[in-house]
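Containing compact mmCIF, C-alpha atoms: upload.txt.
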```txt
# COMPACT_ATOMS: atom_id res chain seq x y z
CA ALA A 16 95.97 82.09 110.43
CA ALA A 17 95.85 85.25 108.32
CA ALA A 18 98.68 86.81 110.35
CA MET A 19 100.84 83.73 109.85
CA LEU A 20 100.19 83.84 106.10
CA LEU A 21 101.15 87.51 105.95
CA ILE A 22 104.40 87.08 107.87
CA ALA A 23 105.31 84.05 105.75
CA ALA A 24 104.74 86.06 102.57
CA MET A 25 106.89 88.86 103.93
CA ALA A 26 109.66 86.47 104.97
CA VAL A 27 109.77 84.73 101.60
CA SER A 28 109.73 87.95 99.57
CA ARG A 29 112.31 89.61 101.77
CA ARG A 30 114.62 86.61 101.84
CA SER A 31 114.36 86.31 98.04
CA PHE A 32 115.36 89.96 97.71
CA LEU A 33 118.32 89.70 100.06
CA THR A 34 119.47 86.45 98.43
CA ALA A 35 119.24 88.02 95.00
CA LEU A 36 121.62 90.86 95.87
CA PRO A 37 124.86 88.82 95.90
CA ALA A 38 123.69 86.90 92.82
CA ALA A 39 123.03 90.17 90.99
CA ALA A 40 126.53 91.36 91.82
CA ILE A 41 128.14 88.17 90.44
CA ALA A 42 125.89 87.72 87.40
CA PRO A 43 127.77 90.12 85.03
CA HIS A 44 131.05 88.30 85.71
CA ALA A 45 129.49 84.86 85.35
CA ALA A 46 128.08 85.80 81.95
CA ARG A 47 131.65 86.35 80.73
CA GLY A 48 132.79 83.06 82.23
CA VAL A 49 134.69 84.78 85.01
CA VAL A 50 133.88 84.26 88.68
CA PRO A 51 135.31 87.07 90.85
CA LEU A 52 137.64 85.86 93.58
CA LEU A 53 138.09 87.30 97.01
CA PRO A 54 141.12 89.61 97.43
CA SER A 55 142.62 86.98 99.68
CA GLN A 56 141.73 83.31 100.06
CA THR A 57 142.45 83.35 103.78
CA PRO A 58 139.78 82.38 106.33
CA ARG A 59 140.04 85.88 107.77
CA ALA A 60 139.05 87.49 104.46
CA THR A 61 136.25 84.98 103.99
CA SER A 62 134.82 85.68 107.43
CA THR A 63 135.05 89.43 106.81
CA VAL A 64 133.06 89.17 103.59
CA ALA A 65 130.53 86.85 105.25
CA ALA A 66 130.08 89.32 108.08
CA ALA A 67 129.51 92.12 105.60
CA VAL A 68 126.91 90.08 103.72
CA GLY A 69 125.23 89.12 106.99
CA ALA A 70 124.79 92.76 108.04
CA PRO A 71 122.65 94.52 105.42
CA SER A 72 123.05 98.27 105.06
CA ALA A 73 120.28 100.78 105.66
CA ALA A 74 119.70 100.97 101.89
CA VAL A 75 119.30 97.19 101.62
CA GLU A 76 116.96 97.18 104.61
CA PHE A 77 114.95 99.99 102.99
CA TRP A 78 114.43 98.19 99.67
CA SER A 79 113.78 94.79 101.20
CA GLY A 80 111.25 96.36 103.56
CA LEU A 81 109.64 98.07 100.57
CA LEU A 82 109.13 94.73 98.81
CA ALA A 83 107.97 92.89 101.93
CA GLY A 84 105.47 95.61 102.79
CA ALA A 85 103.90 95.56 99.32
CA VAL A 86 103.45 91.79 99.41
CA GLN A 87 102.11 91.83 102.98
CA LYS A 88 99.51 94.52 102.35
CA THR A 89 98.26 93.07 99.06
CA VAL A 90 97.76 89.61 100.57
CA LYS A 91 96.12 91.10 103.65
CA GLU A 92 93.62 93.20 101.70
CA LEU A 93 92.62 90.32 99.43
CA ALA A 94 92.11 87.98 102.39
CA LEU A 95 90.51 90.27 104.96
CA HIS A 96 88.72 93.03 103.03
CA PRO A 97 85.28 91.31 103.14
CA LEU A 98 85.49 91.13 106.95
CA ASP A 99 86.58 94.77 107.09
CA THR A 100 83.57 95.69 104.95
CA ALA A 101 81.21 93.80 107.28
CA LYS A 102 82.77 95.53 110.30
CA ALA A 103 82.29 98.98 108.75
CA ARG A 104 78.62 98.22 108.05
CA LEU A 105 78.00 96.87 111.53
CA GLN A 106 79.27 100.15 112.96
CA LEU A 107 76.61 102.10 111.08
CA ALA A 108 73.37 103.11 112.76
CA GLY A 109 70.18 101.86 111.13
CA PRO A 110 67.44 99.20 111.18
CA ARG A 111 68.89 95.87 112.26
CA ARG A 112 67.09 93.76 109.67
CA LYS A 113 68.13 95.98 106.79
CA LEU A 114 71.72 96.06 108.08
CA LEU A 115 71.98 92.26 108.20
CA ALA A 116 70.57 91.98 104.69
CA GLU A 117 73.27 94.34 103.38
CA LEU A 118 76.10 92.98 105.51
CA PHE A 119 77.85 90.83 102.90
CA ARG A 120 76.54 92.48 99.73
CA ALA A 121 79.46 93.60 97.52
CA PRO A 122 82.08 92.49 100.10
CA TYR A 123 84.94 93.94 98.04
CA ALA A 124 83.49 97.45 97.85
CA GLY A 125 86.32 99.91 98.37
CA LEU A 126 89.05 97.37 97.55
CA GLY A 127 90.51 99.58 94.80
CA PRO A 128 91.54 102.51 97.00
CA ALA A 129 92.56 100.11 99.77
CA ILE A 130 95.12 98.33 97.57
CA ALA A 131 96.09 101.44 95.58
CA SER A 132 97.19 103.19 98.77
CA GLY A 133 97.70 100.21 101.06
CA ALA A 134 100.56 98.56 99.18
CA PRO A 135 102.64 101.78 98.87
CA ALA A 136 101.81 102.73 102.47
CA ALA A 137 102.83 99.33 103.85
CA SER A 138 105.94 99.32 101.67
CA THR A 139 106.87 102.71 103.07
CA PHE A 140 106.13 101.57 106.63
CA PHE A 141 108.55 98.65 106.56
CA ALA A 142 111.13 100.50 104.49
CA VAL A 143 111.20 103.43 106.93
CA LYS A 144 111.06 101.19 110.01
CA ASP A 145 113.97 99.01 108.92
CA ALA A 146 116.09 101.91 107.69
CA VAL A 147 115.51 103.96 110.86
CA LYS A 148 116.27 100.96 113.06
CA THR A 149 119.52 100.35 111.19
CA GLN A 150 120.43 104.00 111.65
CA CYS A 151 119.63 103.75 115.36
CA LEU A 152 122.06 100.86 115.71
CA ALA A 153 124.70 102.78 113.74
CA ALA A 154 124.18 105.75 116.06
CA GLY A 155 124.83 103.57 119.11
CA ILE A 156 121.21 103.04 120.18
CA SER A 157 121.51 99.33 120.84
CA ASP A 158 118.55 99.00 123.20
CA THR A 159 115.88 97.02 121.33
CA THR A 160 112.95 98.76 123.01
CA ALA A 161 114.21 102.28 122.27
CA SER A 162 115.11 101.55 118.64
CA THR A 163 111.77 99.83 118.08
CA PHE A 164 109.79 102.76 119.49
CA ILE A 165 111.73 105.26 117.36
CA SER A 166 111.51 103.24 114.16
CA VAL A 167 107.81 102.38 114.56
CA ALA A 168 106.93 106.02 115.32
CA GLY A 169 108.66 107.20 112.14
CA ALA A 170 107.12 104.38 110.12
CA ASN A 171 103.59 105.18 111.30
CA VAL A 172 103.93 108.87 110.40
CA ALA A 173 104.90 107.87 106.85
CA TYR A 174 102.24 105.13 106.69
CA TRP A 175 99.25 107.28 107.67
CA GLY A 176 100.45 110.16 105.54
CA ILE A 177 99.92 107.88 102.53
CA LYS A 178 97.11 105.67 103.78
CA ASN A 179 94.64 108.01 105.49
CA PRO A 180 93.12 109.66 102.37
CA ALA A 181 92.29 106.27 100.86
CA GLU A 182 91.04 105.02 104.22
CA VAL A 183 88.49 107.84 104.33
CA LEU A 184 87.28 107.00 100.80
CA LYS A 185 87.28 103.26 101.48
CA VAL A 186 85.04 103.60 104.52
CA ARG A 187 82.61 105.73 102.55
CA ARG A 188 82.43 103.09 99.84
CA GLN A 189 81.97 100.29 102.37
CA ALA A 190 79.25 102.21 104.19
CA GLY A 191 77.38 102.83 100.95
CA THR A 192 77.50 106.62 101.27
CA ALA A 193 79.56 106.86 98.07
CA GLY A 194 79.13 104.79 94.93
CA ASP A 195 82.19 105.96 93.00
CA THR A 196 85.64 106.50 94.49
CA LEU A 197 86.74 109.32 92.18
CA GLU A 198 83.44 111.17 92.56
CA ALA A 199 83.66 110.78 96.35
CA ALA A 200 87.20 112.20 96.27
CA ARG A 201 86.11 115.19 94.20
CA ALA A 202 83.14 115.87 96.46
CA LEU A 203 85.31 115.64 99.57
CA TRP A 204 87.88 118.00 98.08
CA ARG A 205 85.23 120.57 97.18
CA ALA A 206 83.61 120.37 100.61
CA GLU A 207 86.63 120.18 102.94
CA GLY A 208 89.80 120.46 100.90
CA LEU A 209 92.94 118.54 101.86
CA ARG A 210 91.95 118.50 105.53
CA GLY A 211 88.98 116.25 104.76
CA PHE A 212 91.27 113.46 103.56
CA TYR A 213 93.08 113.42 106.91
CA VAL A 214 90.07 113.20 109.20
CA GLY A 215 90.92 110.67 111.91
CA SER A 216 94.65 110.57 111.14
CA VAL A 217 95.66 111.54 114.69
CA ALA A 218 93.38 108.87 116.15
CA ASN A 219 94.74 106.30 113.69
CA PHE A 220 98.32 107.09 114.71
CA ALA A 221 97.45 107.10 118.41
CA TYR A 222 95.98 103.62 118.05
CA ALA A 223 98.54 102.13 115.67
CA PHE A 224 101.75 103.31 117.35
CA PRO A 225 101.44 101.45 120.68
CA VAL A 226 99.90 98.39 119.01
CA ASP A 227 102.65 98.14 116.37
CA SER A 228 105.37 98.81 118.96
CA ALA A 229 104.11 96.01 121.21
CA LYS A 230 103.74 93.68 118.23
CA PHE A 231 107.31 94.19 116.99
CA LEU A 232 108.80 93.99 120.48
CA LEU A 233 107.01 90.69 121.05
CA TYR A 234 108.07 89.46 117.62
CA GLU A 235 111.72 90.27 118.35
CA ALA A 236 111.52 88.38 121.65
CA ILE A 237 109.97 85.35 119.93
CA LYS A 238 112.66 85.43 117.23
CA LEU A 239 115.39 85.39 119.85
CA GLN A 240 113.83 82.35 121.51
CA LEU A 241 113.43 80.50 118.20
CA ARG A 242 117.01 81.29 117.19
CA ALA A 243 118.32 80.07 120.53
CA ARG A 244 116.45 76.77 120.14
CA SER A 245 117.44 76.17 116.51
CA GLY A 246 121.00 77.47 116.78
CA GLN A 247 120.55 79.32 113.45
CA ASP A 248 121.07 83.01 112.77
CA LYS A 249 118.02 83.31 110.50
CA LEU A 250 114.51 81.96 110.85
CA SER A 251 112.77 79.90 108.21
CA PRO A 252 109.56 81.29 106.64
CA VAL A 253 107.54 78.83 108.75
CA GLU A 254 109.22 80.01 111.97
CA SER A 255 108.68 83.63 110.95
CA ALA A 256 105.01 82.86 110.30
CA ILE A 257 104.61 81.26 113.72
CA GLY A 258 106.28 84.22 115.42
CA GLY A 259 104.19 86.70 113.47
CA GLY A 260 100.96 84.86 114.22
CA VAL A 261 101.67 84.78 117.95
CA SER A 262 102.76 88.43 118.14
CA THR A 263 99.94 89.88 116.03
CA PRO A 264 96.92 90.90 118.11
CA PRO A 265 93.49 89.65 117.01
```

File written out as structure tokens:
Amino acid sequence: AAAMLLIAAMAVSRRSFLTALPAAAIAPHAARGVVPLLPSQTPRATSTVAAAVGAPSAAVEFWSGLLAGAVQKTVKELALHPLDTAKARLQLAGPRRKLLAELFRAPYAGLGPAIASGAPAASTFFAVKDAVKTQCLAAGISDTTASTFISVAGANVAYWGIKNPAEVLKVRRQAGTAGDTLEAARALWRAEGLRGFYVGSVANFAYAFPVDSAKFLLYEAIKLQLRARSGQDKLSPVESAIGGGVSTPP
């Protein structure tokens, strides 16, 4: 259910952004009472413009992915952070009774660093993924599997470069080993320097890359099936949510 909500939020935000682009281009003319006409009113010119609008550039894909990623990560953290906190505490060693008593105390501990880094990291992930995939297609790499692997690999490098420092601090807050995020960051810097903020980054990438690749490959396959059944080029937010929920692992 959470995955479907996230994909729906991404689809709505991204579609709103892409829809707003043509409107933004026409708005200055409309304000003066002038609606720009096509160079030619022939069907051929109309179809050419429609094809151009239907194929966003790498820059458009980058900015729409940036917006979708920010919305997705913010909604995800607000909805799932208490469960993530409980999971982090269950992984700690200690007396069982004491652990259960503390399990759901302060469920949003560590939410600040999670959102502060999570939204930019997720924005960067989708922006890089979509831009790289568009560049792959422009370079003649039309195979979906190859372009997905390349784009997801680049996106995960960017994602964990931004996310990992806050992930280290978030886990410390959730575990109760640090009471203040800024103080924990200062202590970590004094003890280990920059390297301390990237503990576990290789393991995070090694886990996320195959999982994200499989998820997006499955999502692309589901989209093709839904498009074939509906006969439409684009999916509705509900269809995107269904596809995202099915393709996202538990």

Which residues of stretch 89-200 of chain A sit at most 12 Å from stretch 227-246 of chain A, using all atoms listed in the file? Give each one's shortest atom pair and distance in Å (one decimal place), in chain and ascending residue order, as a Markdown table.
```
| residue | atom | partner | partner_atom | distance |
| --- | --- | --- | --- | --- |
| A:Phe140 | CA | A:Asp227 | CA | 10.9 |
| A:Phe141 | CA | A:Phe231 | CA | 11.4 |
| A:Lys144 | CA | A:Phe231 | CA | 10.6 |
| A:Asp145 | CA | A:Phe231 | CA | 11.5 |
| A:Lys148 | CA | A:Phe231 | CA | 11.9 |
| A:Asp158 | CA | A:Leu232 | CA | 11.3 |
| A:Thr159 | CA | A:Leu232 | CA | 7.7 |
| A:Thr160 | CA | A:Leu232 | CA | 6.8 |
| A:Ala161 | CA | A:Ser228 | CA | 10.1 |
| A:Ser162 | CA | A:Leu232 | CA | 10.0 |
| A:Thr163 | CA | A:Ser228 | CA | 6.5 |
| A:Phe164 | CA | A:Ser228 | CA | 6.0 |
| A:Ile165 | CA | A:Ser228 | CA | 9.2 |
| A:Ser166 | CA | A:Ser228 | CA | 9.0 |
| A:Val167 | CA | A:Ser228 | CA | 6.2 |
| A:Ala168 | CA | A:Ser228 | CA | 8.2 |
| A:Gly169 | CA | A:Ser228 | CA | 11.3 |
| A:Ala170 | CA | A:Asp227 | CA | 9.9 |
| A:Asn171 | CA | A:Asp227 | CA | 8.7 |
| A:Tyr174 | CA | A:Asp227 | CA | 11.9 |
```

Can you tell me how far atom CA of A:Cys151 sits from atom CA of A:Trp78, in Å to one decimal?
17.4 Å

Kindly assemble as a tab-separated table a list of the stretch 83-150 of chain A residues that lie within 10 Å of stretch 176-182 of chain A, each paired with its nearest atom pair and their distance in Å to one decimal, using all atoms listed in the file, sorted first by chain and then by ascending residue number.
```
residue	atom	partner	partner_atom	distance
A:Gly125	CA	A:Ala181	CA	9.1
A:Gly127	CA	A:Ala181	CA	9.2
A:Pro128	CA	A:Ala181	CA	5.4
A:Ala129	CA	A:Ala181	CA	6.3
A:Ile130	CA	A:Ala181	CA	9.0
A:Ala131	CA	A:Ala181	CA	8.1
A:Ser132	CA	A:Lys178	CA	5.6
A:Gly133	CA	A:Lys178	CA	6.1
A:Ala134	CA	A:Lys178	CA	9.1
A:Pro135	CA	A:Ile177	CA	7.6
A:Ala136	CA	A:Ile177	CA	5.5
A:Ala137	CA	A:Lys178	CA	8.5
A:Thr139	CA	A:Ile177	CA	8.7
A:Phe140	CA	A:Ile177	CA	9.8
```

The residue from A:Ala124, A:Val172, A:Gly258, A:Val90 with the smallest atom-to-atom distance to A:Ala221, counting only C-alpha atoms, is A:Val172

Distance atom CA of A:Leu98-atom CA of A:Phe119, one decimal place?
8.7 Å

Separation of atom CA of A:Glu117 from atom CA of A:His96, in Å and rounded to one decimal:
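We find that atom CA of A:Glu117 and atom CA of A:His96 lie 15.5 Å from each other.
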
Box time for stretch 250-257 of chain A: axis-aligned, enclosing all its listed atoms, 8 Å extra on each side; report centre and edge lengths in Å to one decimal, as lines of an AutoDock Vina configuration file.
```
center_x = 109.6
center_y = 81.2
center_z = 110.2
size_x = 25.9
size_y = 20.8
size_z = 23.1
```

When you look at A:Gly211 with a cut-off of 12 Å (counting only C-alpha atoms), what residues show up, excluding the ones that are within fewer than 2 positions of it in the same chain? I need them as a PyMOL selection string.
chain A and resi 179-184+199-209+213-216

For a quick check of understanding, using all atoms listed in the file, which of A:Ala256, A:Gln106, A:Arg210, A:Val147 has the smallest distance to A:Ala173?
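Nearest candidate to A:Ala173 out of A:Ala256, A:Gln106, A:Arg210, A:Val147: A:Val147.
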
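Each of A:Phe220, A:Ala154, A:Ser251, A:Phe212 was checked against A:Arg187 using only C-alpha atoms; the smallest atom-to-atom distance is that of A:Phe212.
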
If we count all atoms listed in the file and set the cut-off at 10 Å, which residues sit around stretch 189-192 of chain A, ignoring sequence neighbours fewer than 2 positions away in its own chain? Please answer as JSON, numbers by chain.
{"A": [96, 97, 99, 100, 101, 102, 103, 104, 105, 106, 107, 117, 118, 120, 121, 122, 123, 124, 125, 126, 184, 185, 186, 187, 194, 195, 199]}
